[in-house]
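S.K.: Quick one: the structure is below, and I'll ask about it shortly.
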Amino acid sequence: TFTLGGAQTADAGTYQALVYTANGAALSAPSTLTVRPTIISPATRLANLSTRGFVGTGSGVLISGFVIGGTTPKEVLIRAIGSTTLGGFGVANTLSDPQLTLFDAGGKTIAQNDDWSAPSVTAIAAASLRLGAFALPNGSTDAALLITLAPGSYTAQVAGGNATTGVALVEVYDADASTALAVTRKLGNLSTRGTIGPNGAILIAGLVVRGPDARTFLIRAIGPTLNRFGLANALIDPVLTLHDAKGAQLRYNDDWDTPYGGMPAFRAAAVRVGAFSLVEKRDHETSAGLDSVMLVTLAPGNYTAQVAGFRDATGLALIEIYEMPN
C-alpha cells in the first residue's frame, strides 16, 4: 500500500496498480495506491521575498518588483545587502556599497537610502529583529527602508555607489505588527530582473510561505520573452529549479513549451494572475519556448527558486513568483 500526497482534489481516491508485460500478462499482485489531496488555504501568504543576484551598471542593476494587495496601507521593510554583511556568510564578489531606490507603478521615486544607519537605525534594527531577519552591523554600507505603502505595485532597485558592481541581496518583508489582516492586505508577487553570469552568478529568489495550509504558486524564469520588451542581451535559455530549506531540489523545468512541460496549464495560470504571455514555438521566434515555468503547491516553509543559464549561458533574466488565487 502506498500513500501519495500533494494531488489535486479531483485526483484523490484509491487506485489499484498492476505491472504487466507487453503482451498483457500480469507480473505482479495488485498494489493499493491511496492519493490524498493537499489542503489549500486562502489565509496562506508570502511573508517575505528576497533575491540574490549580480548588480551591474545601466540595465544590469538588480530590479525587484512586488505588489501590496488589499485596500489599506501596509508597512514593509526593504533591505539591500552588500559586502559588509554578505561577506560574513561566505558570499564572494559582493557589492561594496549598495544603494536602494523605491519607485511606484508610474516610475516615480518615492524613497531612497544609502547606508542604513541613517536616519532610522533604531526602527529598522527593531523591525529586523521582530521579523527574524539577520542583523545588519552598525555602520555597514547596507541600505534599508522601513516604509508604509498604499496598495499597488512597486519596484525596488539596487545599484552600486560610484558605478561599482558585485553580488547583492534585496529583501522585502511584510512588517505589519499584526497578521490579522493578512488576507485583505498582503505582500505578494515577486519579480526580480538581474544578470546571469559565468562561474555561478545566478539569480536566487527566496520565499517564505506562512499560513495554516499549502498554497499554489506560479514561478517563471524568463529570458527569450524579454526581447519583446526591447531588452538587449536577454538570457537565451533559462533553467529554473526549486529547493526546500535544506537545499534539496523539489522541482526542475527547462523549456516550458514542450509536450511534457504542462504548457496549457501554465498558459491558463498566467492569465489568471495577469502575467504577460511567453513566446511559444508557434510564434516562430528565435528561442521561442525556452523560458522556464512551474506551477507548484507548497506547504508553509522556506524555499528558494534559482535561475541559471543552460550550458552556462549568460544574460539578463527575470524571475517571477505569483500567488495563485483560490
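Chain labels A, B, ... are given in the sequence in which chains occur in the C-alpha cells; within each chain residues are numbered consecutively from 1, and ligands are likewise numbered from 1 in the order shown.
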Considering only C-alpha atoms, return as a PyMOL selection string whatever protein or nucleic-acid residues lie within 9 Å of Val67 (chain A), sequence-local ones (same chain, fewer than 3 positions apart) excluded.
M.R.: chain A and resi 151-155+186-190
S.K.: For the residues selected in the previous step, produce a file with C-alpha atoms as a PDB file, in the first residue's frame.
M.R.:
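Listing of part23.pdb after writing:
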ATOM      1  CA  PRO A 151      -1.921  49.095  -2.203  1.00  0.00           C
ATOM      2  CA  GLY A 152      -0.296  48.910  -5.606  1.00  0.00           C
ATOM      3  CA  SER A 153       2.810  47.810  -7.500  1.00  0.00           C
ATOM      4  CA  TYR A 154       6.321  48.903  -6.540  1.00  0.00           C
ATOM      5  CA  THR A 155       9.877  48.429  -7.757  1.00  0.00           C
ATOM      6  CA  LYS A 186      -0.842  41.262   1.836  1.00  0.00           C
ATOM      7  CA  LEU A 187       2.576  41.265   0.248  1.00  0.00           C
ATOM      8  CA  GLY A 188       2.772  39.189  -2.895  1.00  0.00           C
ATOM      9  CA  ASN A 189       4.006  38.543  -6.402  1.00  0.00           C
ATOM     10  CA  LEU A 190       7.780  38.989  -6.532  1.00  0.00           C
TER      11      LEU A 190
END
S.K.: DSSP on the backbone: what in region 49-225 of chain A comes out strand (DSSP E or B), as a VMD selection string?
M.R.: chain A and resid 49 to 55 62 to 68 74 to 81 94 98 to 104 109 to 114 143 to 149 152 to 160 166 to 174 187 to 196 203 to 210 214 to 222
S.K.: Can you tell me how far CA of Ala159 (chain A) sits from CA of Gly56 (chain A), in Å to one decimal?
M.R.: 7.4 Å
S.K.: Mind running region 148-209 of chain A against region 89-111 of chain A at 10 Å and telling me each contacting residue's nearest atom pair with the distance in Å (one decimal), counting only C-alpha atoms, chain and number ascending, as a tab-separated table?
M.R.:
residue	atom	partner	partner_atom	distance
A:Leu149	CA	A:Asp104	CA	9.5
A:Ala150	CA	A:Asp104	CA	9.9
A:Gly152	CA	A:Ala105	CA	7.2
A:Ser153	CA	A:Ala105	CA	5.2
A:Tyr154	CA	A:Asp104	CA	4.7
A:Thr155	CA	A:Phe103	CA	5.1
A:Ala156	CA	A:Leu102	CA	4.6
A:Gln157	CA	A:Thr101	CA	5.2
A:Val158	CA	A:Leu100	CA	5.0
A:Ala159	CA	A:Gln99	CA	5.3
A:Gly160	CA	A:Pro98	CA	4.8
A:Gly161	CA	A:Asp97	CA	5.4
A:Asn162	CA	A:Asp97	CA	8.5
A:Ala163	CA	A:Asp97	CA	9.5
A:Thr164	CA	A:Leu95	CA	7.0
A:Thr165	CA	A:Leu95	CA	5.6
A:Gly166	CA	A:Leu95	CA	4.0
A:Val167	CA	A:Thr94	CA	4.3
A:Ala168	CA	A:Leu95	CA	5.7
A:Leu169	CA	A:Pro98	CA	9.2
A:Val170	CA	A:Leu100	CA	8.9
A:Ala201	CA	A:Asn93	CA	9.6
S.K.: Just C-alpha atoms for this one: save the residues we selected as a PDB file, in the first residue's frame.
M.R.:
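So selection.pdb came out as:
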ATOM      1  CA  LEU A 149       2.887  51.752   1.297  1.00  0.00           C
ATOM      2  CA  ALA A 150      -0.586  52.060  -0.189  1.00  0.00           C
ATOM      3  CA  GLY A 152      -0.296  48.910  -5.606  1.00  0.00           C
ATOM      4  CA  SER A 153       2.810  47.810  -7.500  1.00  0.00           C
ATOM      5  CA  TYR A 154       6.321  48.903  -6.540  1.00  0.00           C
ATOM      6  CA  THR A 155       9.877  48.429  -7.757  1.00  0.00           C
ATOM      7  CA  ALA A 156      12.993  48.346  -5.566  1.00  0.00           C
ATOM      8  CA  GLN A 157      16.215  48.997  -7.478  1.00  0.00           C
ATOM      9  CA  VAL A 158      19.660  48.096  -6.176  1.00  0.00           C
ATOM     10  CA  ALA A 159      22.676  49.794  -7.738  1.00  0.00           C
ATOM     11  CA  GLY A 160      26.272  50.202  -6.679  1.00  0.00           C
ATOM     12  CA  GLY A 161      27.680  53.512  -5.437  1.00  0.00           C
ATOM     13  CA  ASN A 162      30.144  55.062  -7.888  1.00  0.00           C
ATOM     14  CA  ALA A 163      29.051  52.522 -10.531  1.00  0.00           C
ATOM     15  CA  THR A 164      30.533  49.606  -8.588  1.00  0.00           C
ATOM     16  CA  THR A 165      29.390  46.053  -9.316  1.00  0.00           C
ATOM     17  CA  GLY A 166      29.021  42.797  -7.399  1.00  0.00           C
ATOM     18  CA  VAL A 167      26.586  40.360  -5.793  1.00  0.00           C
ATOM     19  CA  ALA A 168      23.842  41.828  -3.584  1.00  0.00           C
ATOM     20  CA  LEU A 169      20.684  40.664  -1.815  1.00  0.00           C
ATOM     21  CA  VAL A 170      17.395  42.566  -1.982  1.00  0.00           C
ATOM     22  CA  ALA A 201      26.486  34.068 -10.976  1.00  0.00           C
TER      23      ALA A 201
END
S.K.: Nearest to Ala299 (chain A): which of A:Val208, A:Leu86, A:Ile236, A:Ile202 is it, counting only C-alpha atoms?
M.R.: A:Val208
S.K.: Expressed in Å to a single decimal, how great is the separation between CA of Gly206 (chain A) and CA of Ser41 (chain A)?
M.R.: 20.7 Å
S.K.: Skipping near chain neighbours, those fewer than 6 positions away, what residues fall within 12 Å of Ala248 (chain A) using only C-alpha atoms, listed as an MDAnalysis selection string?
M.R.: chainID A and resid 241:242 302:305
S.K.: I need the residues from that last selection saved to file as a tab-separated table (two decimals), in the first residue's frame (with C-alpha atoms), if you can.
M.R.:
chain	number	residue	atom	x	y	z
A	241	THR	CA	14.97	24.86	-10.10
A	242	LEU	CA	13.08	24.94	-6.79
A	302	ASN	CA	11.13	28.43	3.32
A	303	TYR	CA	12.05	27.86	-0.32
A	304	THR	CA	14.46	29.15	-2.97
A	305	ALA	CA	13.95	29.34	-6.72
S.K.: Identify which of the residues A:Ala126, A:Val279, A:Ala144, A:Ala221 lies closest to Leu77 (chain A), counting only C-alpha atoms when measuring atom-to-atom distances.
M.R.: A:Ala144
S.K.: List the spatial neighbours of Ile40 (chain A) as a ChimeraX atom specification - criterion: any atom at most 10 Å away, only C-alpha atoms, same-chain residues fewer than 5 positions off excluded.
M.R.: /A:8-9,212-216,297-299,326
S.K.: Mind checking which residues fall within 12 Å of Phe229 (chain A), counting only C-alpha atoms, ignoring those fewer than 3 positions away in the same chain, and posting them as a ChimeraX atom specification?
M.R.: /A:222-226,232-234,276-279
S.K.: Which residues come within 10 Å of Gly200 (chain A), counting only C-alpha atoms, excluding same-chain residues fewer than 6 positions away, as a VMD selection string?
M.R.: chain A and resid 308 to 309 312
S.K.: From the list A:Arg311, A:Arg228, A:Arg130, A:Arg45, which residue is nearest Asp254 (chain A) when using only C-alpha atoms?
M.R.: A:Arg311
S.K.: CA of Gly88 (chain A) and CA of Tyr173 (chain A) are how many Å apart?
M.R.: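 CA of Gly88 (chain A) sits 21.4 Å away from CA of Tyr173 (chain A).
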S.K.: Find the residues near Thr84 (chain A): any atom within 8 Å, counting only C-alpha atoms, skip ones fewer than 6 places away on the same chain, and give them as a list in words.
M.R.: Ser96, Pro137, Ser140, Thr141 and Asp142 of chain A
S.K.: For each of A:Phe66, A:Leu203, A:Leu316, A:Gln112, take the minimum atom-to-atom distance to Asn227 (chain A), counting only C-alpha atoms, then give the residue where this is smallest.
M.R.: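 Using only C-alpha atoms, the shortest distance to Asn227 (chain A) belongs to A:Leu316.
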S.K.: Find the residue from A:Ala133, A:Leu62, A:Ala29, A:Ile319 that sits nearest to Val293 (chain A); use only C-alpha atoms when measuring.
M.R.: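 Looking only at the distances to Val293 (chain A), the closest residue turns out to be A:Ile319.
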S.K.: Apply DSSP to the backbone of this structure and, from region 176-308 of chain A, keep only the residues in helix (DSSP H, G or I); write these as an MDAnalysis selection string.
M.R.: chainID A and resid 224:229 263:273 281:283
S.K.: Using the selection just defined, write its residues with N, CA, C and O atoms as a PDB file, in the first residue's frame.
M.R.:
ATOM      1  N   PRO A 224      14.137  34.619 -23.146  1.00  0.00           N
ATOM      2  CA  PRO A 224      13.824  34.993 -24.524  1.00  0.00           C
ATOM      3  C   PRO A 224      12.664  35.965 -24.680  1.00  0.00           C
ATOM      4  O   PRO A 224      12.709  36.852 -25.536  1.00  0.00           O
ATOM      5  N   THR A 225      11.632  35.839 -23.848  1.00  0.00           N
ATOM      6  CA  THR A 225      10.480  36.735 -23.974  1.00  0.00           C
ATOM      7  C   THR A 225      10.847  38.190 -23.686  1.00  0.00           C
ATOM      8  O   THR A 225      10.165  39.104 -24.142  1.00  0.00           O
ATOM      9  N   LEU A 226      11.923  38.409 -22.928  1.00  0.00           N
ATOM     10  CA  LEU A 226      12.344  39.781 -22.635  1.00  0.00           C
ATOM     11  C   LEU A 226      12.699  40.554 -23.906  1.00  0.00           C
ATOM     12  O   LEU A 226      12.642  41.784 -23.927  1.00  0.00           O
ATOM     13  N   ASN A 227      13.058  39.832 -24.961  1.00  0.00           N
ATOM     14  CA  ASN A 227      13.362  40.515 -26.220  1.00  0.00           C
ATOM     15  C   ASN A 227      12.171  41.291 -26.748  1.00  0.00           C
ATOM     16  O   ASN A 227      12.329  42.310 -27.430  1.00  0.00           O
ATOM     17  N   ARG A 228      10.963  40.819 -26.425  1.00  0.00           N
ATOM     18  CA  ARG A 228       9.756  41.521 -26.877  1.00  0.00           C
ATOM     19  C   ARG A 228       9.614  42.892 -26.231  1.00  0.00           C
ATOM     20  O   ARG A 228       8.886  43.751 -26.730  1.00  0.00           O
ATOM     21  N   PHE A 229      10.295  43.094 -25.090  1.00  0.00           N
ATOM     22  CA  PHE A 229      10.206  44.364 -24.381  1.00  0.00           C
ATOM     23  C   PHE A 229      11.393  45.271 -24.692  1.00  0.00           C
ATOM     24  O   PHE A 229      11.616  46.270 -24.001  1.00  0.00           O
ATOM     25  N   MET A 263       2.283  23.041 -20.713  1.00  0.00           N
ATOM     26  CA  MET A 263       2.068  24.347 -21.329  1.00  0.00           C
ATOM     27  C   MET A 263       0.639  24.860 -21.193  1.00  0.00           C
ATOM     28  O   MET A 263       0.446  26.028 -20.823  1.00  0.00           O
ATOM     29  N   PRO A 264      -0.422  24.088 -21.471  1.00  0.00           N
ATOM     30  CA  PRO A 264      -1.776  24.640 -21.327  1.00  0.00           C
ATOM     31  C   PRO A 264      -2.069  25.129 -19.912  1.00  0.00           C
ATOM     32  O   PRO A 264      -2.686  26.184 -19.734  1.00  0.00           O
ATOM     33  N   ALA A 265      -1.641  24.371 -18.908  1.00  0.00           N
ATOM     34  CA  ALA A 265      -1.861  24.781 -17.513  1.00  0.00           C
ATOM     35  C   ALA A 265      -1.068  26.037 -17.186  1.00  0.00           C
ATOM     36  O   ALA A 265      -1.563  26.934 -16.492  1.00  0.00           O
ATOM     37  N   PHE A 266       0.171  26.124 -17.679  1.00  0.00           N
ATOM     38  CA  PHE A 266       0.994  27.308 -17.436  1.00  0.00           C
ATOM     39  C   PHE A 266       0.367  28.545 -18.087  1.00  0.00           C
ATOM     40  O   PHE A 266       0.345  29.627 -17.498  1.00  0.00           O
ATOM     41  N   ARG A 267      -0.121  28.377 -19.299  1.00  0.00           N
ATOM     42  CA  ARG A 267      -0.725  29.500 -20.017  1.00  0.00           C
ATOM     43  C   ARG A 267      -1.974  29.979 -19.282  1.00  0.00           C
ATOM     44  O   ARG A 267      -2.189  31.187 -19.112  1.00  0.00           O
ATOM     45  N   ALA A 268      -2.814  29.045 -18.826  1.00  0.00           N
ATOM     46  CA  ALA A 268      -4.034  29.403 -18.108  1.00  0.00           C
ATOM     47  C   ALA A 268      -3.719  30.081 -16.775  1.00  0.00           C
ATOM     48  O   ALA A 268      -4.392  31.044 -16.378  1.00  0.00           O
ATOM     49  N   ALA A 269      -2.697  29.591 -16.080  1.00  0.00           N
ATOM     50  CA  ALA A 269      -2.315  30.186 -14.799  1.00  0.00           C
ATOM     51  C   ALA A 269      -1.833  31.619 -14.985  1.00  0.00           C
ATOM     52  O   ALA A 269      -2.146  32.510 -14.180  1.00  0.00           O
ATOM     53  N   ALA A 270      -1.066  31.864 -16.050  1.00  0.00           N
ATOM     54  CA  ALA A 270      -0.580  33.221 -16.321  1.00  0.00           C
ATOM     55  C   ALA A 270      -1.733  34.181 -16.555  1.00  0.00           C
ATOM     56  O   ALA A 270      -1.712  35.332 -16.097  1.00  0.00           O
ATOM     57  N   VAL A 271      -2.764  33.730 -17.259  1.00  0.00           N
ATOM     58  CA  VAL A 271      -3.937  34.569 -17.500  1.00  0.00           C
ATOM     59  C   VAL A 271      -4.629  34.896 -16.179  1.00  0.00           C
ATOM     60  O   VAL A 271      -5.047  36.039 -15.939  1.00  0.00           O
ATOM     61  N   ARG A 272      -4.731  33.916 -15.295  1.00  0.00           N
ATOM     62  CA  ARG A 272      -5.429  34.120 -14.018  1.00  0.00           C
ATOM     63  C   ARG A 272      -4.742  35.148 -13.142  1.00  0.00           C
ATOM     64  O   ARG A 272      -5.398  35.919 -12.439  1.00  0.00           O
ATOM     65  N   VAL A 273      -3.403  35.174 -13.143  1.00  0.00           N
ATOM     66  CA  VAL A 273      -2.682  36.116 -12.275  1.00  0.00           C
ATOM     67  C   VAL A 273      -2.341  37.418 -12.994  1.00  0.00           C
ATOM     68  O   VAL A 273      -1.760  38.330 -12.399  1.00  0.00           O
ATOM     69  N   LYS A 281       6.541  28.195 -29.425  1.00  0.00           N
ATOM     70  CA  LYS A 281       7.108  27.707 -30.689  1.00  0.00           C
ATOM     71  C   LYS A 281       6.238  28.091 -31.880  1.00  0.00           C
ATOM     72  O   LYS A 281       6.733  28.335 -32.975  1.00  0.00           O
ATOM     73  N   ARG A 282       4.952  28.183 -31.664  1.00  0.00           N
ATOM     74  CA  ARG A 282       4.054  28.554 -32.753  1.00  0.00           C
ATOM     75  C   ARG A 282       4.247  30.011 -33.186  1.00  0.00           C
ATOM     76  O   ARG A 282       3.779  30.424 -34.243  1.00  0.00           O
ATOM     77  N   ASP A 283       4.926  30.821 -32.332  1.00  0.00           N
ATOM     78  CA  ASP A 283       5.190  32.213 -32.687  1.00  0.00           C
ATOM     79  C   ASP A 283       6.306  32.341 -33.715  1.00  0.00           C
ATOM     80  O   ASP A 283       6.531  33.422 -34.262  1.00  0.00           O
TER      81      ASP A 283
END
